[in-house]
Amino acid sequence: MNPVPSVIIFTTLSGLGFGLLIWLGLGLLAPTGWVAFAFLTIAYLLAVGGLMASVFHLGHPERALKAFTQWRSSWLSREAWLSVAALIVMALYGAGLVFWGAIWVPLGWLGAALCLGTVIATSMIYTQMRSVPRWQTWLTPALFISLSLAGGAVLAGQAVWGAGLLAAAGVIQIAWWMRGDGALARSGTDLASATGLGHIGTPRSFEPPHTGTNYLTREFIHVVGRRHALKLRIIALALGYVLPVALLALPLPHVGAVLAALCHGAGILASRWLFFAEAEHVVGFYYGKRAA
C-alpha cells in the first residue's frame, strides 16, 4: 500500500504518546508538580499530534466527527471513542499529579486501560483487513502493543523495563516480518479467485482496467524491491531496537534515555513505512502488480 506520511506519523506518535500515558496511569512512574506536567505535556503532544495527523489522510477531513457514529462495526470509530475517553481520564489523573501531588490509583488504572484499548483498536483497524494478508495476524496487535509499551518505558526513563520490552518487541517485529513475507501466497488469493473465473481456466490480465491512475492504484498498489526492503529492515531494527537498548545502558541515565528515545522513534518511523509499503493489497492482482 502507499506509505502515506500522515498515517506513518499517526501510528508512530500516537503509539509512543499513549504508551507513556499507560506508564503514568499505572503509577510505576509517579512524578508530581512540574515534573508531572512535563511528562504529561510530552505524552499529550505525541498522542494528540498523532491523532491529528491521521485526520489529514481522510478524503474529507471536515467530516472527521462522523467517525464517532460507526462504533458498532468500525474499529476506527472505536479507536476515536477510546482515545477521547483515555485523554479525558488521564487529564483528570494528571491534574491530581500536577496540582495536588495526589495519585488517584483507580483513575490512573482506568486511564491506562483506556490508553491500552486505544492502541489495540488502532492495531485492529489493520488486523481485520482480509484484503491485506500480511496484516491479518495476531502478531499485528502484539507488535503495536509491545512497541507502545516499550516506547513509553523509554520515554519514562525506565531503563530496565525499556530494555526488556524493546528486546521483546524486536523479536515480535522479526516474527511479523518472517510471517508476512509468505502471507499473500498462503492466502490462496490470485487472479483466478479474485475474478471467480478459475473454474473455466487460468485467467490472465489482457489490459489494465484503466488507462491512467485512479484511487485504487494510488492508495493500494505500491511495490518495494526486496533489496531496498531488506536495507530498511536492518535500519529499523538497528535504530528502533538494538541501539536504544545499548543507549539505556550508558552510565548517564538521563542522556541515555533521551538519545534512546530519539533513536527509537527514528527506527519505528522506518518500520512503519515498511508496514504500509510492504502490505500487498489483493486489488493489485487486477492491475498485474501482484504475484502470489
# chains A, B, ... in the order shown; residues from 1 in each chain; ligands from 1
>>> residues_around(residues="segment 270-284 of chain A", least_positions_apart="5", cutoff="9 Å", atoms="only C-alpha atoms", output="JSON list (two decimals) with N, CA and C atoms, in the first residue's frame")
[["chain", "number", "residue", "atom", "x", "y", "z"],
["A", 1, "MET", "N", 0.83, -1.19, 0.00],
["A", 1, "MET", "CA", 0.00, 0.00, 0.00],
["A", 1, "MET", "C", 0.87, 1.24, 0.00],
["A", 2, "ASN", "N", 0.26, 2.37, -0.36],
["A", 2, "ASN", "CA", 1.00, 3.62, -0.42],
["A", 2, "ASN", "C", 1.35, 4.09, 0.99],
["A", 3, "PRO", "N", 2.65, 4.23, 1.32],
["A", 3, "PRO", "CA", 3.05, 4.66, 2.66],
["A", 3, "PRO", "C", 2.86, 6.17, 2.84],
["A", 4, "VAL", "N", 1.65, 6.58, 3.14],
["A", 4, "VAL", "CA", 1.33, 8.00, 3.27],
["A", 4, "VAL", "C", 1.93, 8.55, 4.57],
["A", 5, "PRO", "N", 2.64, 9.69, 4.51],
["A", 5, "PRO", "CA", 3.29, 10.23, 5.70],
["A", 5, "PRO", "C", 2.36, 10.45, 6.89],
["A", 7, "VAL", "N", -0.28, 8.82, 7.89],
["A", 7, "VAL", "CA", -0.61, 7.58, 8.60],
["A", 7, "VAL", "C", 0.62, 7.04, 9.33],
["A", 8, "ILE", "N", 1.79, 7.20, 8.72],
["A", 8, "ILE", "CA", 3.03, 6.77, 9.38],
["A", 8, "ILE", "C", 3.25, 7.58, 10.65],
["A", 9, "ILE", "N", 3.08, 8.90, 10.56],
["A", 9, "ILE", "CA", 3.24, 9.76, 11.74],
["A", 9, "ILE", "C", 2.20, 9.43, 12.79],
["A", 11, "THR", "N", 0.52, 6.51, 13.42],
["A", 11, "THR", "CA", 0.73, 5.25, 14.13],
["A", 11, "THR", "C", 1.98, 5.28, 15.00],
["A", 12, "THR", "N", 2.99, 6.06, 14.60],
["A", 12, "THR", "CA", 4.22, 6.14, 15.38],
["A", 12, "THR", "C", 4.05, 7.01, 16.62],
["A", 131, "SER", "N", -8.24, -8.15, 3.01],
["A", 131, "SER", "CA", -7.66, -7.84, 1.70],
["A", 131, "SER", "C", -6.15, -7.62, 1.76],
["A", 132, "VAL", "N", -5.59, -7.56, 2.98],
["A", 132, "VAL", "CA", -4.13, -7.43, 3.16],
["A", 132, "VAL", "C", -3.67, -8.59, 4.04],
["A", 133, "PRO", "N", -3.35, -9.74, 3.44],
["A", 133, "PRO", "CA", -2.98, -10.93, 4.24],
["A", 133, "PRO", "C", -1.81, -10.70, 5.18],
["A", 134, "ARG", "N", -0.88, -9.83, 4.83],
["A", 134, "ARG", "CA", 0.28, -9.58, 5.69],
["A", 134, "ARG", "C", -0.14, -9.04, 7.06],
["A", 135, "TRP", "N", -1.22, -8.28, 7.09],
["A", 135, "TRP", "CA", -1.67, -7.67, 8.35],
["A", 135, "TRP", "C", -2.55, -8.59, 9.18],
["A", 173, "GLN", "N", 8.78, -8.10, 16.11],
["A", 173, "GLN", "CA", 8.95, -7.45, 14.81],
["A", 173, "GLN", "C", 9.54, -8.41, 13.78],
["A", 180, "GLY", "N", 4.92, -12.42, 7.52],
["A", 180, "GLY", "CA", 4.27, -11.61, 6.49],
["A", 180, "GLY", "C", 4.79, -11.85, 5.10],
["A", 181, "ASP", "N", 6.07, -12.25, 4.97],
["A", 181, "ASP", "CA", 6.66, -12.42, 3.64],
["A", 181, "ASP", "C", 5.97, -13.50, 2.82],
["A", 184, "LEU", "N", 0.75, -13.57, 1.55],
["A", 184, "LEU", "CA", -0.07, -13.47, 0.34],
["A", 184, "LEU", "C", -0.16, -14.81, -0.37],
["A", 189, "THR", "N", -5.03, -16.43, -2.57],
["A", 189, "THR", "CA", -5.66, -15.45, -3.45],
["A", 189, "THR", "C", -4.82, -15.23, -4.70],
["A", 190, "ASP", "N", -5.47, -15.26, -5.85],
["A", 190, "ASP", "CA", -4.80, -14.95, -7.11],
["A", 190, "ASP", "C", -5.83, -14.36, -8.06],
["A", 191, "LEU", "N", -5.45, -14.14, -9.29],
["A", 191, "LEU", "CA", -6.37, -13.54, -10.25],
["A", 191, "LEU", "C", -7.59, -14.43, -10.49],
["A", 194, "ALA", "N", -9.84, -14.05, -7.42],
["A", 194, "ALA", "CA", -10.34, -12.67, -7.32],
["A", 194, "ALA", "C", -11.44, -12.39, -8.33],
["A", 216, "LEU", "N", -7.52, 3.55, -6.51],
["A", 216, "LEU", "CA", -7.01, 2.23, -6.12],
["A", 216, "LEU", "C", -5.52, 2.10, -6.37],
["A", 217, "THR", "N", -5.08, 2.57, -7.54],
["A", 217, "THR", "CA", -3.65, 2.45, -7.85],
["A", 217, "THR", "C", -2.81, 3.39, -7.00],
["A", 220, "PHE", "N", -3.52, 1.65, -2.96],
["A", 220, "PHE", "CA", -3.38, 0.25, -2.60],
["A", 220, "PHE", "C", -2.31, -0.52, -3.37],
["A", 221, "ILE", "N", -1.64, 0.14, -4.30],
["A", 221, "ILE", "CA", -0.62, -0.57, -5.07],
["A", 221, "ILE", "C", 0.71, 0.15, -4.92],
["A", 222, "HIS", "N", 1.61, -0.48, -4.24],
["A", 222, "HIS", "CA", 2.96, 0.06, -4.06],
["A", 222, "HIS", "C", 3.90, -1.13, -3.96],
["A", 223, "VAL", "N", 4.89, -1.17, -4.82],
["A", 223, "VAL", "CA", 5.80, -2.31, -4.87],
["A", 223, "VAL", "C", 7.19, -1.87, -4.39],
["A", 224, "VAL", "N", 7.71, -2.61, -3.40],
["A", 224, "VAL", "CA", 9.03, -2.30, -2.84],
["A", 224, "VAL", "C", 10.00, -3.41, -3.25],
["A", 229, "ALA", "N", 13.90, -3.18, 0.66],
["A", 229, "ALA", "CA", 13.17, -3.51, 1.88],
["A", 229, "ALA", "C", 14.10, -4.10, 2.93],
["A", 232, "LEU", "N", 16.08, -1.36, 4.64],
["A", 232, "LEU", "CA", 15.24, -0.61, 5.57],
["A", 232, "LEU", "C", 14.92, -1.42, 6.83],
["A", 233, "ARG", "N", 14.77, -2.72, 6.69],
["A", 233, "ARG", "CA", 14.54, -3.57, 7.86],
["A", 233, "ARG", "C", 15.75, -3.53, 8.79],
["A", 235, "ILE", "N", 17.94, -1.12, 9.04],
["A", 235, "ILE", "CA", 17.97, 0.21, 9.65],
["A", 235, "ILE", "C", 16.94, 0.30, 10.77],
["A", 236, "ALA", "N", 15.72, -0.18, 10.50],
["A", 236, "ALA", "CA", 14.66, -0.14, 11.51],
["A", 236, "ALA", "C", 15.02, -0.96, 12.73],
["A", 237, "LEU", "N", 15.60, -2.13, 12.52],
["A", 237, "LEU", "CA", 15.97, -2.99, 13.64],
["A", 237, "LEU", "C", 17.10, -2.38, 14.46],
["A", 239, "LEU", "N", 18.11, 0.96, 14.58],
["A", 239, "LEU", "CA", 17.74, 2.21, 15.23],
["A", 239, "LEU", "C", 16.60, 2.03, 16.23],
["A", 240, "GLY", "N", 15.64, 1.20, 15.88],
["A", 240, "GLY", "CA", 14.45, 1.08, 16.72],
["A", 240, "GLY", "C", 14.60, 0.19, 17.92],
["A", 265, "GLY", "N", 12.46, 6.37, 18.08],
["A", 265, "GLY", "CA", 11.45, 7.00, 17.25],
["A", 265, "GLY", "C", 11.81, 6.96, 15.77],
["A", 289, "LYS", "N", 0.02, -6.24, -10.72],
["A", 289, "LYS", "CA", 1.11, -5.78, -9.86],
["A", 289, "LYS", "C", 1.42, -6.76, -8.73],
["A", 290, "ARG", "N", 0.73, -7.87, -8.67],
["A", 290, "ARG", "CA", 0.96, -8.82, -7.59],
["A", 290, "ARG", "C", 1.21, -10.20, -8.19],
["A", 291, "ALA", "N", 2.05, -10.96, -7.50],
["A", 291, "ALA", "CA", 2.31, -12.34, -7.89],
["A", 291, "ALA", "C", 2.42, -13.15, -6.62]]
>>> residues_around(residues="Arg72 of chain A", least_positions_apart="6", cutoff="12 Å", atoms="only C-alpha atoms", output="number ranges by chain")
A: 78-79, 81
>>> residues_around(residues="segment 21-29 of chain A", least_positions_apart="5", cutoff="10 Å", atoms="only C-alpha atoms", output="NGL selection string")
:A and (15-16 or 36 or 39-40 or 42-44 or 47 or 86-87 or 89-91 or 93-94 or 97 or 103-116 or 148-149 or 152-153 or 155-158)
>>> select_by_dssp(residues="segment 84-213 of chain A", states="alpha helix (DSSP H)", output="NGL selection string")
:A and (84-95 or 105-127 or 139-155 or 159-181 or 183-187 or 191-195)
>>> atom_distance(atom1="atom CA of Ala121 of chain A", atom2="atom CA of Ile172 of chain A")
18.6 Å
